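Here is the file work16.cif (mmCIF, C-alpha atoms).
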data_entry
loop_
_atom_site.label_atom_id
_atom_site.label_comp_id
_atom_site.auth_asym_id
_atom_site.auth_seq_id
_atom_site.Cartn_x
_atom_site.Cartn_y
_atom_site.Cartn_z
CA MET A 9 45.05 -11.05 -30.18
CA ARG A 10 44.43 -12.85 -33.46
CA ASN A 11 41.27 -12.21 -35.42
CA TYR A 12 39.08 -15.34 -35.40
CA LEU A 13 36.57 -14.08 -37.97
CA PRO A 14 38.50 -15.30 -41.04
CA PHE A 15 38.65 -18.77 -39.53
CA MET A 16 34.92 -19.00 -38.83
CA SER A 17 33.73 -17.39 -42.05
CA SER A 18 35.92 -19.69 -44.17
CA LEU A 19 35.11 -22.96 -42.42
CA ALA A 20 32.01 -23.79 -44.48
CA PHE A 21 33.88 -23.02 -47.72
CA PHE A 22 36.70 -25.35 -46.71
CA GLU A 23 34.37 -28.18 -45.67
CA SER A 24 32.50 -28.03 -48.97
CA ALA A 25 35.66 -27.90 -51.09
CA ALA A 26 37.29 -30.76 -49.14
CA ARG A 27 34.19 -32.95 -49.34
CA LEU A 28 33.60 -32.32 -53.06
CA GLU A 29 37.34 -32.19 -53.92
CA SER A 30 36.69 -29.17 -56.10
CA PHE A 31 36.54 -25.39 -55.70
CA THR A 32 34.14 -25.24 -58.65
CA LYS A 33 31.69 -27.76 -57.19
CA ALA A 34 31.92 -26.05 -53.80
CA ALA A 35 31.09 -22.73 -55.47
CA GLU A 36 28.02 -24.28 -57.11
CA GLU A 37 26.88 -25.77 -53.80
CA LEU A 38 27.37 -22.49 -51.92
CA CYS A 39 25.95 -20.33 -54.75
CA VAL A 40 29.09 -18.19 -55.05
CA THR A 41 31.85 -17.87 -57.61
CA GLN A 42 34.82 -20.21 -57.85
CA SER A 43 37.05 -17.22 -57.20
CA ALA A 44 35.23 -16.47 -53.95
CA VAL A 45 35.83 -20.01 -52.71
CA SER A 46 39.50 -19.87 -53.68
CA LYS A 47 39.98 -16.56 -51.86
CA LYS A 48 38.25 -17.86 -48.73
CA ILE A 49 40.45 -20.95 -48.64
CA LYS A 50 43.57 -18.84 -49.20
CA THR A 51 42.57 -16.55 -46.32
CA LEU A 52 42.03 -19.59 -44.11
CA GLU A 53 45.42 -21.08 -45.01
CA GLU A 54 47.15 -17.78 -44.25
CA TRP A 55 45.40 -17.61 -40.89
CA LEU A 56 46.23 -21.23 -40.05
CA GLU A 57 49.80 -20.87 -41.33
CA PHE A 58 49.74 -24.23 -43.13
CA ASP A 59 48.49 -25.46 -46.51
CA LEU A 60 45.19 -27.33 -46.69
CA PHE A 61 45.21 -28.43 -50.33
CA ILE A 62 47.62 -29.61 -52.98
CA ARG A 63 46.47 -27.71 -56.09
CA GLU A 64 47.11 -29.53 -59.35
CA PRO A 65 45.46 -29.17 -62.76
CA ARG A 66 42.02 -30.81 -62.61
CA GLN A 67 42.73 -32.25 -59.15
CA LEU A 68 42.36 -30.90 -55.63
CA THR A 69 43.88 -33.02 -52.86
CA LEU A 70 44.02 -32.46 -49.13
CA THR A 71 47.42 -32.26 -47.50
CA ASP A 72 48.03 -34.38 -44.40
CA ALA A 73 47.35 -31.30 -42.27
CA GLY A 74 44.27 -30.61 -44.39
CA CYS A 75 42.91 -34.12 -43.75
CA GLU A 76 43.31 -33.68 -40.01
CA PHE A 77 41.74 -30.23 -40.10
CA TYR A 78 38.87 -31.54 -42.25
CA ASP A 79 37.93 -34.07 -39.58
CA GLU A 80 37.87 -31.29 -36.98
CA ALA A 81 35.91 -28.97 -39.26
CA LYS A 82 33.22 -31.59 -39.91
CA SER A 83 32.87 -32.19 -36.17
CA ALA A 84 32.68 -28.48 -35.37
CA LEU A 85 30.07 -27.76 -38.03
CA ARG A 86 28.00 -30.77 -36.99
CA GLN A 87 28.08 -29.72 -33.34
CA MET A 88 27.11 -26.18 -34.30
CA ALA A 89 24.19 -27.43 -36.39
CA GLU A 90 23.01 -29.64 -33.52
CA SER A 91 23.29 -26.71 -31.09
CA VAL A 92 21.28 -24.44 -33.39
CA GLU A 93 18.59 -27.10 -33.71
CA ARG A 94 18.47 -27.57 -29.94
CA ILE A 95 18.22 -23.82 -29.37
CA ARG A 96 15.43 -23.56 -31.92
CA ARG A 97 13.50 -26.32 -30.17
CA HIS A 98 14.21 -24.70 -26.83
CA ALA A 99 12.77 -21.41 -28.11
CA ASN A 100 9.53 -23.18 -29.02
CA THR A 101 7.21 -22.51 -26.07
CA ASN A 102 5.52 -25.90 -26.55
CA THR A 103 8.81 -27.79 -26.36
CA VAL A 104 10.50 -28.84 -23.11
CA THR A 105 14.11 -30.02 -22.98
CA ILE A 106 15.24 -32.29 -20.17
CA THR A 107 18.59 -33.97 -19.59
CA CYS A 108 19.42 -37.04 -17.51
CA THR A 109 21.53 -40.18 -17.54
CA GLN A 110 20.87 -42.94 -20.05
CA ALA A 111 19.54 -45.25 -17.35
CA VAL A 112 17.14 -42.67 -15.93
CA SER A 113 15.90 -41.73 -19.38
CA HIS A 114 15.33 -45.32 -20.51
CA TYR A 115 13.96 -46.98 -17.40
CA TRP A 116 12.32 -44.17 -15.43
CA LEU A 117 11.60 -41.05 -17.47
CA PHE A 118 10.55 -42.38 -20.86
CA PRO A 119 7.51 -44.35 -19.59
CA ARG A 120 6.32 -41.25 -17.74
CA ILE A 121 6.71 -39.04 -20.80
CA THR A 122 4.61 -41.54 -22.73
CA ARG A 123 1.83 -41.16 -20.15
CA PHE A 124 2.24 -37.38 -20.08
CA ASN A 125 1.82 -37.14 -23.85
CA LEU A 126 -1.56 -38.90 -23.64
CA GLY A 127 -2.94 -35.94 -21.71
CA HIS A 128 -0.77 -33.22 -23.28
CA PRO A 129 -0.27 -34.10 -26.95
CA ASP A 130 0.54 -30.46 -27.79
CA ILE A 131 3.70 -30.40 -25.63
CA ALA A 132 6.86 -32.06 -26.95
CA ILE A 133 9.31 -33.39 -24.35
CA ASN A 134 12.83 -33.78 -25.76
CA ILE A 135 15.25 -35.97 -23.77
CA TYR A 136 19.01 -35.44 -23.97
CA ALA A 137 20.54 -38.51 -22.33
CA SER A 138 24.19 -38.51 -21.30
CA ASN A 139 26.20 -40.18 -18.56
CA ASP A 140 28.44 -37.12 -18.52
CA ILE A 141 25.88 -35.04 -16.66
CA ARG A 142 26.83 -32.26 -14.25
CA GLU A 143 25.32 -29.13 -12.79
CA ASP A 144 26.61 -26.96 -15.62
CA THR A 145 25.14 -29.27 -18.28
CA CYS A 146 21.75 -29.26 -16.54
CA SER A 147 21.78 -25.46 -16.66
CA GLN A 148 21.68 -25.59 -20.45
CA PHE A 149 18.24 -27.25 -20.50
CA ASP A 150 14.78 -26.43 -19.18
CA LEU A 151 14.96 -29.29 -16.68
CA GLY A 152 17.48 -31.85 -15.51
CA VAL A 153 17.48 -35.01 -13.43
CA LEU A 154 20.59 -34.82 -11.29
CA ASN A 155 21.97 -37.37 -8.84
CA GLY A 156 23.37 -36.00 -5.61
CA THR A 157 22.71 -35.05 -2.00
CA GLY A 158 20.34 -32.19 -2.83
CA VAL A 159 22.94 -29.52 -2.09
CA TRP A 160 24.05 -27.74 -5.25
CA ARG A 161 26.60 -25.11 -6.18
CA SER A 162 24.30 -23.77 -8.89
CA ASP A 163 21.21 -21.62 -8.39
CA PHE A 164 18.85 -24.59 -8.70
CA ASN A 165 15.34 -25.22 -7.59
CA SER A 166 15.21 -28.94 -6.90
CA HIS A 167 12.56 -31.55 -6.12
CA LEU A 168 13.21 -35.07 -4.85
CA LEU A 169 12.21 -37.73 -7.38
CA PHE A 170 13.52 -40.98 -5.89
CA ARG A 171 16.24 -42.31 -3.63
CA GLU A 172 18.60 -45.04 -4.68
CA ARG A 173 18.04 -48.63 -3.52
CA ILE A 174 20.09 -51.38 -5.07
CA TYR A 175 19.10 -55.07 -4.89
CA PRO A 176 20.71 -58.20 -6.33
CA VAL A 177 18.52 -59.37 -9.22
CA CYS A 178 18.51 -62.15 -11.81
CA HIS A 179 16.36 -63.50 -14.61
CA VAL A 180 13.12 -65.00 -13.33
CA ASP A 181 14.20 -68.48 -14.53
CA TYR A 182 17.75 -68.25 -13.22
CA PRO A 183 18.48 -71.23 -10.92
CA VAL A 184 17.91 -69.49 -7.59
CA ASP A 185 14.96 -71.02 -5.76
CA SER A 186 14.94 -68.96 -2.56
CA LEU A 187 16.26 -65.71 -1.18
CA LEU A 188 19.99 -65.78 -0.62
CA THR A 189 22.05 -64.34 2.19
CA PRO A 190 25.02 -62.10 1.40
CA ASP A 191 27.32 -65.01 2.29
CA ASP A 192 25.45 -67.22 -0.18
CA LEU A 193 26.02 -64.67 -2.95
CA LEU A 194 29.77 -64.85 -2.54
CA SER A 195 29.81 -68.20 -4.34
CA LYS A 196 27.43 -67.21 -7.18
CA LYS A 197 28.20 -65.91 -10.65
CA LEU A 198 28.05 -62.15 -10.28
CA ILE A 199 27.90 -59.59 -13.07
CA HIS A 200 30.10 -56.59 -12.35
CA LEU A 201 30.18 -52.92 -13.26
CA ASP A 202 33.34 -51.01 -14.05
CA PRO A 203 33.41 -48.10 -11.58
CA SER A 204 35.95 -46.20 -13.67
CA ALA A 205 33.30 -45.51 -16.32
CA TRP A 206 30.87 -43.87 -13.90
CA ARG A 207 30.57 -43.31 -10.17
CA TRP A 208 27.93 -45.98 -9.64
CA PRO A 209 28.11 -48.40 -6.67
CA THR A 210 29.52 -51.88 -7.26
CA TRP A 211 29.37 -55.25 -5.52
CA ILE A 212 32.14 -53.96 -3.24
CA ASP A 213 29.72 -51.32 -1.90
CA TRP A 214 26.81 -53.73 -1.68
CA PHE A 215 28.76 -56.33 0.31
CA ALA A 216 30.30 -53.61 2.50
CA SER A 217 26.78 -52.56 3.51
CA CYS A 218 26.36 -56.15 4.75
CA GLY A 219 29.60 -55.99 6.72
CA ILE A 220 31.55 -58.08 4.21
CA ASP A 221 34.95 -57.03 2.86
CA TYR A 222 34.70 -58.10 -0.78
CA GLU A 223 37.28 -58.06 -3.53
CA ILE A 224 36.32 -58.42 -7.18
CA PRO A 225 37.87 -61.65 -8.53
CA LEU A 226 39.95 -61.74 -11.68
CA ASN A 227 38.40 -62.72 -15.02
CA VAL A 228 34.82 -61.86 -14.09
CA GLN A 229 32.16 -60.55 -16.45
CA THR A 230 32.35 -56.74 -16.32
CA PHE A 231 30.42 -54.03 -18.14
CA ASN A 232 31.20 -50.33 -18.41
CA GLN A 233 27.53 -49.27 -18.57
CA VAL A 234 24.85 -50.07 -16.03
CA THR A 235 22.34 -50.57 -18.85
CA LEU A 236 24.57 -53.27 -20.36
CA GLY A 237 24.97 -54.96 -17.00
CA LEU A 238 21.23 -55.03 -16.48
CA GLU A 239 20.67 -56.42 -19.97
CA ALA A 240 23.13 -59.23 -19.18
CA VAL A 241 21.07 -59.99 -16.07
CA ARG A 242 17.85 -59.94 -18.08
CA LEU A 243 19.34 -62.46 -20.51
CA GLY A 244 20.14 -64.86 -17.67
CA MET A 245 23.92 -64.44 -17.69
CA GLY A 246 24.23 -64.13 -13.92
CA ILE A 247 23.25 -62.10 -10.86
CA GLY A 248 23.72 -58.36 -11.01
CA LEU A 249 22.92 -55.19 -9.13
CA GLY A 250 19.55 -53.71 -9.95
CA TRP A 251 18.59 -50.17 -9.10
CA GLU A 252 15.01 -50.04 -7.86
CA PHE A 253 14.00 -47.29 -10.32
CA MET A 254 15.36 -49.36 -13.23
CA THR A 255 13.99 -52.79 -12.32
CA GLU A 256 10.53 -51.90 -11.00
CA GLN A 257 8.65 -52.63 -14.23
CA MET A 258 10.72 -55.71 -15.08
CA LEU A 259 9.89 -57.15 -11.66
CA GLU A 260 6.19 -56.42 -12.21
CA ARG A 261 6.32 -58.12 -15.60
CA HIS A 262 8.09 -61.13 -14.02
CA GLU A 263 11.13 -60.73 -16.23
CA LEU A 264 13.41 -60.42 -13.19
CA LYS A 265 13.34 -61.48 -9.56
CA ARG A 266 15.18 -60.28 -6.50
CA VAL A 267 17.79 -62.62 -5.13
CA SER A 268 18.02 -61.05 -1.68
CA ASP A 269 15.93 -58.78 0.50
CA HIS A 270 19.00 -56.85 1.48
CA PHE A 271 19.49 -53.59 -0.41
CA TYR A 272 22.23 -51.01 -0.50
CA ALA A 273 21.04 -47.42 -0.10
CA PRO A 274 23.77 -44.84 -0.74
CA ASN A 275 23.18 -41.36 0.61
CA MET A 276 22.20 -40.14 -2.83
CA ALA A 277 18.98 -39.39 -4.65
CA ASP A 278 17.79 -38.12 -8.00
CA TYR A 279 16.33 -34.63 -8.13
CA LEU A 280 14.48 -32.62 -10.74
CA VAL A 281 16.48 -29.41 -11.07
CA TYR A 282 16.09 -26.14 -12.95
CA ARG A 283 17.59 -22.67 -12.68
CA GLN A 284 16.15 -20.17 -10.23
CA SER A 285 17.39 -17.27 -12.34
CA LYS A 286 15.39 -18.25 -15.43
CA ALA A 287 11.62 -18.57 -15.45
CA LEU A 288 10.24 -21.83 -16.80
CA SER A 289 8.03 -21.69 -19.85
CA GLU A 290 4.37 -22.56 -19.40
CA ALA A 291 4.99 -25.93 -21.05
CA ALA A 292 7.92 -26.69 -18.73
CA GLN A 293 5.84 -25.72 -15.70
CA THR A 294 3.05 -28.02 -16.88
CA PHE A 295 5.42 -30.96 -17.26
CA ARG A 296 7.16 -30.23 -13.94
CA ASP A 297 3.86 -30.14 -12.07
CA TRP A 298 2.62 -33.30 -13.77
CA LEU A 299 5.85 -35.18 -13.04
CA LEU A 300 5.89 -34.20 -9.37
CA ALA A 301 2.25 -35.23 -9.00
CA ASP A 302 2.96 -38.52 -10.73
CA ILE A 303 5.72 -39.48 -8.28
CA SER A 304 4.14 -37.98 -5.15
CA LYS A 305 2.43 -41.25 -4.21
CA ASP A 306 5.72 -43.15 -4.27
CA ILE A 307 7.42 -40.52 -2.14
CA SER A 308 4.53 -40.50 0.35
CA ASN A 309 4.65 -44.26 0.65
CA GLU A 310 8.30 -44.10 1.60
CA GLY A 311 7.77 -41.35 4.14
CA MET A 312 9.86 -38.86 2.19
CA THR A 313 9.42 -35.12 2.03
#

Structure translated into structure tokens:
Amino acid sequence: MRNYLPFMSSLAFFESAARLESFTKAAEELCVTQSAVSKKIKTLEEWLEFDLFIREPRQLTLTDAGCEFYDEAKSALRQMAESVERIRRHANTNTVTITCTQAVSHYWLFPRITRFNLGHPDIAINIYASNDIREDTCSQFDLGVLNGTGVWRSDFNSHLLFRERIYPVCHVDYPVDSLLTPDDLLSKKLIHLDPSAWRWPTWIDWFASCGIDYEIPLNVQTFNQVTLGLEAVRLGMGIGLGWEFMTEQMLERHELKRVSDHFYAPNMADYLVYRQSKALSEAAQTFRDWLLADISKDISNEGMT
């Protein structure tokens, strides 16, 4: 098995030399000798089995392979720095890390964190939003908001936050004067979501729940993010699907209106999850308890347990 230590220990030397185009400047930046930088780069090239630099008098130039490797090195070092920073924040007992989708973070979680901070200014809640969220990614954080049936492969504690209900919505001034039937909607300008980008429901699912076999027409307006689709609706570009948890405040502010009373309710819900095998910090427990108390009224009103 090859020794990976030369690769890792030389990476910072290579990145500095490639960025500054000089072993001497890299040595000054790293507070070592020019000879030390040169030896590190030579060790790295021997390990990689290809040249990184073209060495000419008074000029240091990356080879084609060196350019490609430089891009990868920058990315690796940046990711490592971000991971170290996240771990440091995670180790802070007054910091809570939580991960969720972009839509949940923007429309549902962020307003609640704002209210939480009014009563708990000493606790920092850090959100890591990503649409590529799975059980294993949630395990890397104190808390996660995970969409599913409530049955997990991982050793999660989980608490129901909200179930999905999806209504047709439009801008409050969009020319729809009364509630429409599903058949009426077939002739309207509909804003579509690309299901290949994420596993969200589409108009096909919504119409199917009404007993209508619907096919998405050609040349329709389509977005690959639900947040973009909702923004198009908010700007009056057509009628789109609005998740209840996303549109609640916009409906209250009279920015949007529902086009139909019919909603699609997939057998999915969003849950607060965290590992059973790792005790929550006091700050994470405080936020968990506050969040569950904050949403308990909504759950009670819907007859959920």

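Applied to this file, the PyMOL selection byres ((chain A and resi 99-113) around 6) selects the residues A:Arg96, A:Arg97, A:His98, A:His114, A:Tyr115, A:Trp116, A:Leu117, A:Phe118, A:Ile131, A:Ala132, A:Ile133, A:Asn134, A:Ile135, A:Tyr136, A:Ala137, A:Ser138, A:Asn139, A:Phe149, A:Asp150, A:Leu151, A:Gly152, A:Val153, A:Ala291, A:Ala292.
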
Give me, please, the distance in Å between atom CA of A:Met88 and atom CA of A:Thr145, quoted to one decimal.
-> 16.4 Å

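Closest approach to A:Cys218 among A:Ala26, A:Pro176, A:Glu239, A:Tyr272: A:Tyr272, based on only C-alpha atoms.
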
Contacts of A:Asn232 at 10 Å or less, counting all atoms listed in the file, minus same-chain residues fewer than 2 places along, as a PyMOL selection string?
-> chain A and resi 200-206+230+234-237

Return as a PyMOL selection string the set of residues that the PyMOL selection byres ((chain A and resi 166-171) around 9) yields on the displayed structure.
-> chain A and resi 153+158+164-165+172-173+252-253+273-283+299-300+303-304+306-307+312-313
